[in-house]
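Have a look at query_0.csv; it's CSV, C-alpha atoms and all ligand atoms:
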chain,number,residue,atom,x,y,z
A,1,MET,CA,22.0,-8.8,-4.9
A,2,GLU,CA,19.5,-7.1,-2.6
A,3,ILE,CA,19.5,-3.3,-2.4
A,4,ILE,CA,16.9,-2.2,0.0
A,5,LYS,CA,18.6,0.6,2.0
A,6,ALA,CA,19.1,4.2,1.0
A,7,VAL,CA,21.0,6.9,2.8
A,8,ILE,CA,19.6,10.5,2.3
A,9,PRO,CA,22.1,13.0,3.6
A,10,ALA,CA,20.2,16.1,4.7
A,11,ALA,CA,22.4,17.8,7.3
A,12,GLY,CA,24.0,20.5,5.1
A,13,PHE,CA,23.6,24.3,5.8
A,14,GLY,CA,22.0,24.9,2.3
A,15,THR,CA,24.0,28.2,2.0
A,16,ARG,CA,23.1,28.6,-1.7
A,17,PHE,CA,19.5,29.0,-0.6
A,18,LEU,CA,19.9,31.4,2.3
A,19,PRO,CA,18.1,33.2,4.0
A,20,TYR,CA,15.3,30.6,3.4
A,21,THR,CA,17.4,27.8,4.9
A,22,LYS,CA,18.4,29.6,8.1
A,23,SER,CA,15.8,27.7,10.1
A,24,ILE,CA,13.8,25.7,7.5
A,25,PRO,CA,15.6,22.7,5.9
A,26,LYS,CA,15.9,23.1,2.1
A,27,GLU,CA,14.8,19.4,1.9
A,28,MET,CA,11.3,20.8,3.1
A,29,LEU,CA,11.0,23.1,0.1
A,30,PRO,CA,7.7,22.4,-1.6
A,31,LEU,CA,7.5,20.7,-5.0
A,32,LEU,CA,3.9,21.4,-5.9
A,33,ASP,CA,2.0,19.8,-2.9
A,34,ARG,CA,4.8,18.0,-1.1
A,35,PRO,CA,8.2,18.6,0.4
A,36,ALA,CA,11.1,17.7,-1.9
A,37,ILE,CA,12.3,15.0,0.4
A,38,GLN,CA,8.9,13.2,0.1
A,39,SER,CA,9.4,13.0,-3.7
A,40,ILE,CA,12.9,11.5,-3.1
A,41,VAL,CA,11.5,8.9,-0.7
A,42,GLU,CA,8.7,8.1,-3.3
A,43,GLU,CA,11.4,7.5,-6.0
A,44,GLY,CA,13.2,5.3,-3.5
A,45,ILE,CA,10.2,3.2,-2.7
A,46,ALA,CA,9.3,2.9,-6.4
A,47,SER,CA,12.9,1.5,-6.7
A,48,GLY,CA,12.4,-1.2,-4.0
A,49,ILE,CA,14.0,0.7,-1.0
A,50,LYS,CA,12.5,-0.5,2.3
A,51,ASN,CA,14.7,1.4,4.8
A,52,PHE,CA,15.7,5.0,4.6
A,53,ILE,CA,18.6,6.3,6.7
A,54,MET,CA,18.3,10.0,6.9
A,55,VAL,CA,21.3,12.0,8.1
A,56,THR,CA,20.0,15.1,9.9
A,57,ASN,CA,20.9,17.6,12.6
A,58,LYS,CA,19.2,19.6,15.4
A,59,ASP,CA,17.6,22.1,13.0
A,60,LYS,CA,16.0,19.4,10.8
A,61,GLU,CA,13.3,18.2,13.2
A,62,SER,CA,10.6,19.0,10.6
A,63,ILE,CA,11.9,16.3,8.3
A,64,ILE,CA,11.6,13.7,11.1
A,65,ASN,CA,8.1,15.0,12.0
A,66,HIS,CA,7.0,14.8,8.3
A,67,PHE,CA,7.5,11.0,8.2
A,68,ASP,CA,6.1,10.4,11.7
A,69,SER,CA,2.4,9.8,12.5
A,70,ASN,CA,0.3,12.7,13.7
A,71,PRO,CA,-2.7,11.2,15.6
A,72,LEU,CA,-4.5,14.6,16.1
A,73,LEU,CA,-4.4,15.4,12.4
A,74,GLU,CA,-5.4,11.8,11.5
A,75,THR,CA,-8.5,12.0,13.8
A,76,PHE,CA,-9.4,15.4,12.4
A,77,LEU,CA,-9.2,14.2,8.8
A,78,ARG,CA,-11.1,11.0,9.5
A,79,GLU,CA,-13.9,13.0,11.1
A,80,LYS,CA,-14.1,15.2,8.0
A,81,ASN,CA,-13.7,12.3,5.7
A,82,GLN,CA,-10.6,13.8,4.2
A,83,GLN,CA,-8.0,11.0,4.9
A,84,ASN,CA,-7.1,11.2,1.2
A,85,LEU,CA,-5.1,14.3,1.9
A,86,THR,CA,-2.4,12.3,3.7
A,87,GLU,CA,-2.8,9.0,2.0
A,88,ASP,CA,0.5,9.2,0.1
A,89,LEU,CA,2.3,9.6,3.4
A,90,GLU,CA,0.5,6.6,4.8
A,91,LYS,CA,1.5,4.5,1.8
A,92,ILE,CA,5.1,5.6,2.4
A,93,ASN,CA,4.9,4.5,6.1
A,94,ARG,CA,3.4,1.1,5.1
A,95,ALA,CA,6.2,0.5,2.5
A,96,ALA,CA,9.3,1.6,4.4
A,97,ASP,CA,11.0,2.3,7.7
A,98,PHE,CA,13.0,5.3,8.6
A,99,THR,CA,16.2,5.6,10.7
A,100,PHE,CA,17.5,9.0,11.6
A,101,VAL,CA,21.1,9.6,12.4
A,102,ARG,CA,22.7,12.8,13.5
A,103,GLN,CA,25.6,14.7,11.9
A,104,SER,CA,26.1,17.5,14.5
A,105,GLU,CA,28.5,19.5,12.2
A,106,PRO,CA,28.4,19.6,8.5
A,107,LEU,CA,31.9,18.2,7.9
A,108,GLY,CA,31.1,17.1,4.3
A,109,LEU,CA,29.0,14.7,2.3
A,110,GLY,CA,31.5,11.8,3.0
A,111,HIS,CA,31.3,12.5,6.7
A,112,ALA,CA,27.5,12.4,6.5
A,113,ILE,CA,27.6,9.1,4.7
A,114,LEU,CA,30.0,7.7,7.3
A,115,LYS,CA,27.4,8.5,10.0
A,116,ALA,CA,25.1,5.9,8.4
A,117,GLN,CA,27.7,3.1,8.5
A,118,HIS,CA,26.2,1.2,11.5
A,119,SER,CA,22.7,1.2,9.9
A,120,ILE,CA,24.1,-0.6,6.8
A,121,GLY,CA,25.3,-4.2,6.8
A,122,LYS,CA,27.6,-5.9,4.4
A,123,GLU,CA,25.3,-5.2,1.5
A,124,HIS,CA,25.4,-2.6,-1.4
A,125,PHE,CA,23.2,0.4,-0.6
A,126,ALA,CA,21.9,3.5,-2.3
A,127,ILE,CA,22.6,7.2,-1.7
A,128,MET,CA,20.1,9.7,-2.8
A,129,LEU,CA,20.9,13.4,-2.7
A,130,PRO,CA,17.8,15.3,-2.0
A,131,ASP,CA,18.8,18.4,-4.1
A,132,ASP,CA,18.6,16.3,-7.3
A,133,ILE,CA,15.1,15.7,-8.5
A,134,LEU,CA,14.8,13.2,-11.3
A,135,ILE,CA,11.7,13.1,-13.5
A,136,SER,CA,11.6,9.9,-15.5
A,137,LYS,CA,9.3,7.0,-16.6
A,138,ILE,CA,11.6,4.4,-14.9
A,139,PRO,CA,12.5,5.8,-11.4
A,140,GLY,CA,16.0,7.1,-11.5
A,141,LEU,CA,17.3,5.0,-8.6
A,142,SER,CA,15.8,1.8,-10.0
A,143,GLN,CA,17.7,2.4,-13.3
A,144,LEU,CA,20.9,2.3,-11.2
A,145,ILE,CA,19.9,-0.7,-9.1
A,146,ARG,CA,19.2,-2.7,-12.2
A,147,VAL,CA,22.8,-2.1,-13.5
A,148,ALA,CA,24.3,-2.7,-10.0
A,149,ARG,CA,22.7,-6.1,-9.9
A,150,GLN,CA,23.8,-6.9,-13.4
A,151,GLU,CA,27.4,-5.8,-12.9
A,152,LYS,CA,27.6,-6.7,-9.2
A,153,ALA,CA,29.4,-3.5,-8.6
A,154,SER,CA,29.2,0.1,-7.4
A,155,ILE,CA,27.4,2.4,-9.9
A,156,ILE,CA,27.3,6.2,-10.0
A,157,ALA,CA,24.6,8.1,-11.9
A,158,VAL,CA,25.9,10.5,-14.5
A,159,GLN,CA,24.4,12.9,-17.1
A,160,GLU,CA,25.9,14.8,-19.9
A,161,VAL,CA,26.3,18.5,-19.2
A,162,PRO,CA,27.3,21.4,-21.5
A,163,GLN,CA,31.2,21.9,-21.6
A,164,GLU,CA,30.8,25.4,-20.0
A,165,CYS,CA,29.2,23.8,-16.9
A,166,VAL,CA,31.7,21.1,-16.1
A,167,SER,CA,33.4,23.2,-13.4
A,168,SER,CA,30.2,22.9,-11.2
A,169,TYR,CA,30.3,19.1,-11.1
A,170,GLY,CA,32.2,16.0,-10.3
A,171,ILE,CA,33.3,14.8,-13.7
A,172,ILE,CA,34.2,11.2,-14.5
A,173,LYS,CA,37.2,10.0,-16.5
A,174,ILE,CA,36.2,7.0,-18.5
A,175,LYS,CA,38.4,3.9,-18.4
A,176,LYS,CA,36.2,1.9,-20.8
A,177,GLN,CA,32.9,2.3,-22.5
A,178,ILE,CA,30.8,-0.8,-22.1
A,179,THR,CA,27.5,0.1,-23.7
A,180,PRO,CA,26.3,3.5,-25.0
A,181,ASN,CA,25.1,4.3,-21.4
A,182,LEU,CA,27.5,2.3,-19.3
A,183,PHE,CA,31.1,3.2,-18.5
A,184,LYS,CA,33.9,1.8,-16.4
A,185,VAL,CA,35.2,4.7,-14.3
A,186,ALA,CA,39.0,5.5,-14.1
A,187,GLU,CA,38.7,8.5,-11.8
A,188,ILE,CA,36.3,11.3,-10.7
A,189,ILE,CA,37.6,14.9,-10.8
A,190,GLU,CA,35.8,17.3,-8.6
A,191,LYS,CA,34.9,20.6,-10.3
A,192,PRO,CA,37.6,20.6,-13.0
A,193,LYS,CA,38.4,23.7,-15.1
A,194,GLN,CA,36.8,23.4,-18.5
A,195,LYS,CA,40.2,22.7,-20.2
A,196,ASP,CA,41.1,19.9,-17.7
A,197,ALA,CA,37.7,18.1,-17.8
A,198,PRO,CA,38.2,14.5,-19.0
A,199,SER,CA,34.6,14.2,-20.2
A,200,ASN,CA,31.3,16.0,-20.0
A,201,LEU,CA,29.7,13.2,-17.9
A,202,ALA,CA,28.7,14.8,-14.5
A,203,VAL,CA,27.9,12.9,-11.4
A,204,VAL,CA,24.3,13.4,-10.3
A,205,GLY,CA,22.9,12.7,-6.9
A,206,ARG,CA,22.2,8.9,-7.1
A,207,TYR,CA,24.7,6.2,-6.2
A,208,VAL,CA,24.7,2.5,-5.5
A,209,LEU,CA,27.8,1.7,-3.5
A,210,SER,CA,29.5,-1.3,-2.1
A,211,ASN,CA,29.9,-1.1,1.7
A,212,LYS,CA,33.7,-0.9,1.1
A,213,ILE,CA,33.0,2.9,0.8
A,214,PHE,CA,33.0,3.0,4.6
A,215,SER,CA,36.6,1.7,5.0
A,216,SER,CA,37.7,4.1,2.3
A,217,LEU,CA,36.0,7.0,4.1
A,218,GLU,CA,37.7,6.0,7.3
A,219,GLU,CA,41.1,5.6,5.7
A,220,ILE,CA,41.0,9.0,4.0
A,221,ALA,CA,39.4,10.9,6.9
A,222,PRO,CA,42.6,11.9,8.7
A,223,TYR,CA,43.9,13.5,5.5
A,224,ALA,CA,40.7,15.5,4.7
A,225,ILE,CA,41.0,19.2,4.5
A,226,ASN,CA,37.9,20.9,6.0
A,227,GLU,CA,35.4,18.5,4.5
A,228,LEU,CA,35.4,14.7,4.0
A,229,GLN,CA,34.4,14.2,0.4
A,230,LEU,CA,32.5,11.2,-0.9
A,231,THR,CA,34.2,11.7,-4.3
A,232,ASP,CA,37.7,11.2,-2.6
A,233,ALA,CA,36.5,8.0,-1.0
A,234,ILE,CA,35.2,6.6,-4.4
A,235,THR,CA,38.6,7.5,-5.8
A,236,HIS,CA,40.2,5.6,-2.9
A,237,MET,CA,38.0,2.5,-3.7
A,238,LEU,CA,39.1,2.7,-7.4
A,239,LYS,CA,42.8,2.8,-6.3
A,240,ASN,CA,42.0,-0.4,-4.3
A,241,ASN,CA,40.8,-2.1,-7.5
A,242,GLU,CA,37.1,-1.9,-6.6
A,243,LYS,CA,34.9,-1.9,-9.7
A,244,VAL,CA,33.0,1.3,-10.2
A,245,PHE,CA,30.8,2.0,-13.1
A,246,ALA,CA,29.0,5.2,-14.3
A,247,PHE,CA,25.5,4.9,-15.8
A,248,LYS,CA,24.0,7.6,-17.9
A,249,ILE,CA,20.7,7.9,-16.1
A,250,GLN,CA,17.6,8.6,-18.3
A,251,GLY,CA,15.3,11.5,-17.3
A,252,LEU,CA,15.0,15.1,-16.6
A,253,ARG,CA,17.1,16.5,-13.6
A,254,TYR,CA,16.5,19.6,-11.6
A,255,ASP,CA,19.0,20.8,-9.0
A,256,ILE,CA,16.8,22.5,-6.4
A,257,GLY,CA,19.7,23.6,-4.2
A,258,THR,CA,19.5,27.2,-5.5
A,259,PRO,CA,16.4,29.5,-5.9
A,260,VAL,CA,16.7,29.4,-9.7
A,261,GLY,CA,16.9,25.6,-9.8
A,262,TRP,CA,13.9,25.3,-7.5
A,263,LEU,CA,11.9,27.8,-9.5
A,264,LYS,CA,12.6,25.8,-12.7
A,265,ALA,CA,11.6,22.6,-11.0
A,266,THR,CA,8.4,24.1,-9.6
A,267,LEU,CA,7.4,25.6,-13.0
A,268,GLY,CA,8.5,22.5,-15.0
A,269,MET,CA,6.6,20.1,-12.7
A,270,ALA,CA,3.5,22.3,-12.5
A,271,LEU,CA,3.3,22.5,-16.4
A,272,GLN,CA,3.5,18.7,-16.6
A,273,SER,CA,0.9,18.2,-13.9
A,274,PRO,CA,-2.7,17.4,-15.0
A,275,GLU,CA,-3.9,19.2,-11.9
A,276,TYR,CA,-1.9,22.4,-12.1
A,277,GLY,CA,-0.8,22.5,-15.7
A,278,PRO,CA,-3.9,24.2,-17.2
A,279,TYR,CA,-3.8,27.0,-14.6
A,280,MET,CA,-0.1,27.6,-15.2
A,281,ARG,CA,-0.4,27.7,-19.0
A,282,ARG,CA,-3.1,30.3,-18.8
A,283,PHE,CA,-1.1,32.2,-16.2
A,284,LEU,CA,2.1,32.1,-18.4
A,285,ALA,CA,0.1,33.1,-21.5
A,286,ASP,CA,-1.2,36.1,-19.7
A,287,LEU,CA,2.3,37.0,-18.4
A,288,ASP,CA,3.4,37.1,-22.0
A,289,SER,CA,0.8,39.5,-23.2
A,290,PRO,CA,1.1,43.3,-22.9
A,291,GLU,CA,-2.3,43.2,-21.1
A,292,SER,CA,-0.8,41.1,-18.3
A,293,PHE,CA,-1.9,41.8,-14.8
A,294,VAL,CA,1.8,42.3,-13.9
A,295,TYR,CA,1.9,45.5,-16.1
A,296,ASN,CA,-1.8,46.3,-15.3
A,297,LYS,CA,-2.3,46.6,-11.6
A,298,ALA,CA,-6.0,47.5,-12.0
A,299,LYS,CA,-6.7,44.0,-13.5
A,300,ASN,CA,-8.1,41.5,-11.0
A,301,ILE,CA,-5.6,38.7,-10.7
A,302,HIS,CA,-8.4,36.2,-10.1
A,303,HIS,CA,-9.6,36.7,-13.7
A,304,ILE,CA,-6.7,34.8,-15.0
A,305,ILE,CA,-7.0,31.9,-12.6
B,401,LIG,P1,25.3,20.2,-0.9
B,401,LIG,O1,26.7,20.8,-0.8
B,401,LIG,O2,24.6,20.2,-2.2
B,401,LIG,O3,24.4,20.8,0.2
B,401,LIG,O4,25.4,18.7,-0.4
B,401,LIG,P2,24.5,21.9,1.3
B,401,LIG,O5,25.9,21.9,1.9
B,401,LIG,O6,23.4,21.8,2.2
B,401,LIG,O7,24.3,23.2,0.4
B,401,LIG,P3,25.1,24.5,0.0
B,401,LIG,O8,26.2,23.9,-0.9
B,401,LIG,O9,25.7,25.0,1.3
B,401,LIG,O10,24.2,25.4,-0.6
B,401,LIG,C1,24.7,17.6,-0.9
B,401,LIG,C2,23.8,17.0,0.1
B,401,LIG,O11,24.6,16.5,1.2
B,401,LIG,C3,24.1,16.9,2.4
B,401,LIG,C4,23.3,18.2,2.1
B,401,LIG,O12,22.3,18.4,3.1
B,401,LIG,C5,22.8,17.9,0.7
B,401,LIG,O13,21.5,17.2,0.8
B,401,LIG,N1,25.3,17.2,3.3
B,401,LIG,C6,26.3,18.0,2.9
B,401,LIG,C7,25.3,16.7,4.6
B,401,LIG,O14,24.3,16.0,5.0
B,401,LIG,N2,26.3,17.0,5.4
B,401,LIG,C8,27.3,17.7,5.0
B,401,LIG,O15,28.3,17.9,5.8
B,401,LIG,C9,27.3,18.3,3.7

Go ahead and express the file in the form of structure tokens.
Ligand code: UTP
Amino acid sequence: MEIIKAVIPAAGFGTRFLPYTKSIPKEMLPLLDRPAIQSIVEEGIASGIKNFIMVTNKDKESIINHFDSNPLLETFLREKNQQNLTEDLEKINRAADFTFVRQSEPLGLGHAILKAQHSIGKEHFAIMLPDDILISKIPGLSQLIRVARQEKASIIAVQEVPQECVSSYGIIKIKKQITPNLFKVAEIIEKPKQKDAPSNLAVVGRYVLSNKIFSSLEEIAPYAINELQLTDAITHMLKNNEKVFAFKIQGLRYDIGTPVGWLKATLGMALQSPEYGPYMRRFLADLDSPESFVYNKAKNIHHII
């Protein structure tokens, strides 16, 4: 089973991150030295993806430009012998193709995925939500692809979350546990109350789905209230006896869709980085001391850097 296409929906309003997201896509938030969406694409490429279908809108041109060539900049860097500054982007462009489709109104994640239908053939394909950043030895998506190939079925990434957080997630109801990390799914319940949650296994933003998802989305679309939900289409597939599994994905996950989540990701990733880690540790140690520059305006901030 070949899984070489990934849909990245990026046409939402990003209301949890306003006012930043009013004119700048949240997918372009920096994670250290690169926009978040570049990290997602790098995870995809490391998982064998060769074609990314990005769902965007008129306000997301910067995403399209980021993955396009920029001859003026390339000449400038070549003359200064600094091509290394964009070499990761060049690697991306050698490894994969990009297709951009428009969702002119944010009518839901399911509606965004449906926009990619004509770029996907009969094969299984991946969905990567750019809000969810996974830090893991084995790239998050490649963990799912391995299981999808093994089971020849649709697979949803899940992680355990604390009971008090279940109402923020889609939570799966288990039909059968296959291995410690693999489950047959009975149902997905979107944002259940704590007392109604059938498990603490929350859906995180990586999926490998059969192309049957598109007919399910089309069938449920006329009944959608406000937004067309991907979860409802997966439930529809389950009702049609499609096999859907959940796999407990290994790794650290950051939800960068909110300022606090993005700050945690930035700090956590900086502390783990050989390049930025030493600076950040010194900075944090200084913050912790009563002599910190934060409380001592006369101190020169550069001394701690
Ligand atoms: P989210 O609900 O997390 O993103 O959707 P959002 O709607 O942009 O943000 P908030 O909730 O208002 O803060 C998950 C992903 O699906 C995309 C979003 O861009 C995000 O990457 N999405 C969502 C679409 O592409 N279209 C939609 O209609 C809805």

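All protein and nucleic acid residues in the vicinity of (12.5, 15.5, -17.8), that is within 8 Å when counting all atoms listed in the file, are Leu134, Ile135, Ser136, Gly251, Leu252 and Arg253 of chain A.
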
Once 3 Å is added on each side, what are the centre and the three edge lengths, in Å to one decimal, of the axis-aligned box enclosing the listed atoms of ligand LIG 401 (chain B)? Present them as lines of an AutoDock Vina configuration file.
center_x = 24.9
center_y = 20.7
center_z = 1.8
size_x = 12.8
size_y = 15.4
size_z = 14.0

request  = Mind listing whatever residues come within 10 Å of the point (11.7, 24.3, 7.2)? Use only C-alpha atoms, file coordinates, and give them as a count of residues only.
outcome  = 17

query = When you draw a straight line from CA of Tyr254 (chain A) to CA of Gln143 (chain A), how long is it in Å?
reply = 17.3 Å

request  = Step by step, measure atom-to-atom distances between ligand LIG 401 (chain B) and each residue using all atoms listed in the file, keep those at most 7 Å, then write them as a PyMOL selection string.
outcome  = chain A and resi 9-17+55-56+103+105-109+111-112+129-131+257

Residue nearest Ile189 (chain A) - candidates A:Gln159, A:Thr235, A:Arg146, A:Leu18, atoms counted: all atoms listed in the file =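 Nearest candidate to Ile189 (chain A) out of A:Gln159, A:Thr235, A:Arg146, A:Leu18: A:Thr235.
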
query = With distances taken over only C-alpha atoms, which of A:Pro198, A:Gly44, A:Pro290, A:Gly110 is nearest to Glu218 (chain A)?
reply = A:Gly110

ask   = Quick one, how far is CA of Asp33 (chain A) from CA of Arg102 (chain A)?
value =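 Going from CA of Asp33 (chain A) over to CA of Arg102 (chain A) covers 27.3 Å.
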
request  = Could you check how far CA of Asn226 (chain A) sits from CA of Phe214 (chain A), in Å to one decimal?
outcome  =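 Between CA of Asn226 (chain A) and CA of Phe214 (chain A) the gap is 18.6 Å.
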
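Summary of the local environment: counting all atoms listed in the file, residues at most 10 Å from Pro162 (chain A), other than itself and those fewer than 6 positions away along its chain, are Asn200, Leu201 and Ala202 of chain A.
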
For the residues selected in the previous step, produce a file with C-alpha atoms as a short mmCIF file (atom, residue, chain, number, x, y, z; two decimals), keeping the file's coordinate frame.
data_model
loop_
_atom_site.label_atom_id
_atom_site.label_comp_id
_atom_site.auth_asym_id
_atom_site.auth_seq_id
_atom_site.Cartn_x
_atom_site.Cartn_y
_atom_site.Cartn_z
CA ASN A 200 31.30 16.00 -20.00
CA LEU A 201 29.70 13.20 -17.90
CA ALA A 202 28.70 14.80 -14.50
#

key: Distance query Gln163 (chain A) at most 12 Å, only C-alpha atoms, self and fewer than 3 positions along chain excluded, as a ChimeraX atom specification   = /A:160,166-169,171,191-202

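Non-sequential neighbours of region 82-96 of chain A (distance at most 6 Å, separation of 3 or more positions within a chain, only C-alpha atoms) are Lys50, Asn51, Leu77 and Arg78 of chain A.
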
Put those residues in a file: C-alpha atoms, as a PDB file, keeping the file's coordinate frame.
ATOM      1  CA  LYS A  50      12.500  -0.500   2.300  1.00  0.00           C
ATOM      2  CA  ASN A  51      14.700   1.400   4.800  1.00  0.00           C
ATOM      3  CA  LEU A  77      -9.200  14.200   8.800  1.00  0.00           C
ATOM      4  CA  ARG A  78     -11.100  11.000   9.500  1.00  0.00           C
TER       5      ARG A  78
END

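Here the question is which of A:Ile174, A:Cys165, A:Val203, A:Ile53 gets nearest to Phe100 (chain A) using only C-alpha atoms, and that residue is A:Ile53.
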
remark   = Closest of A:Leu284, A:Glu79, A:Glu123, A:Ile40 to Ala153 (chain A), counting all atoms listed in the file, is A:Glu123

Nearest to Gly205 (chain A) by atom-to-atom distance, counting all atoms listed in the file, from A:Leu141, A:Leu267, A:Val294, A:Val260 =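 Selected residue with least distance to Gly205 (chain A): A:Leu141.
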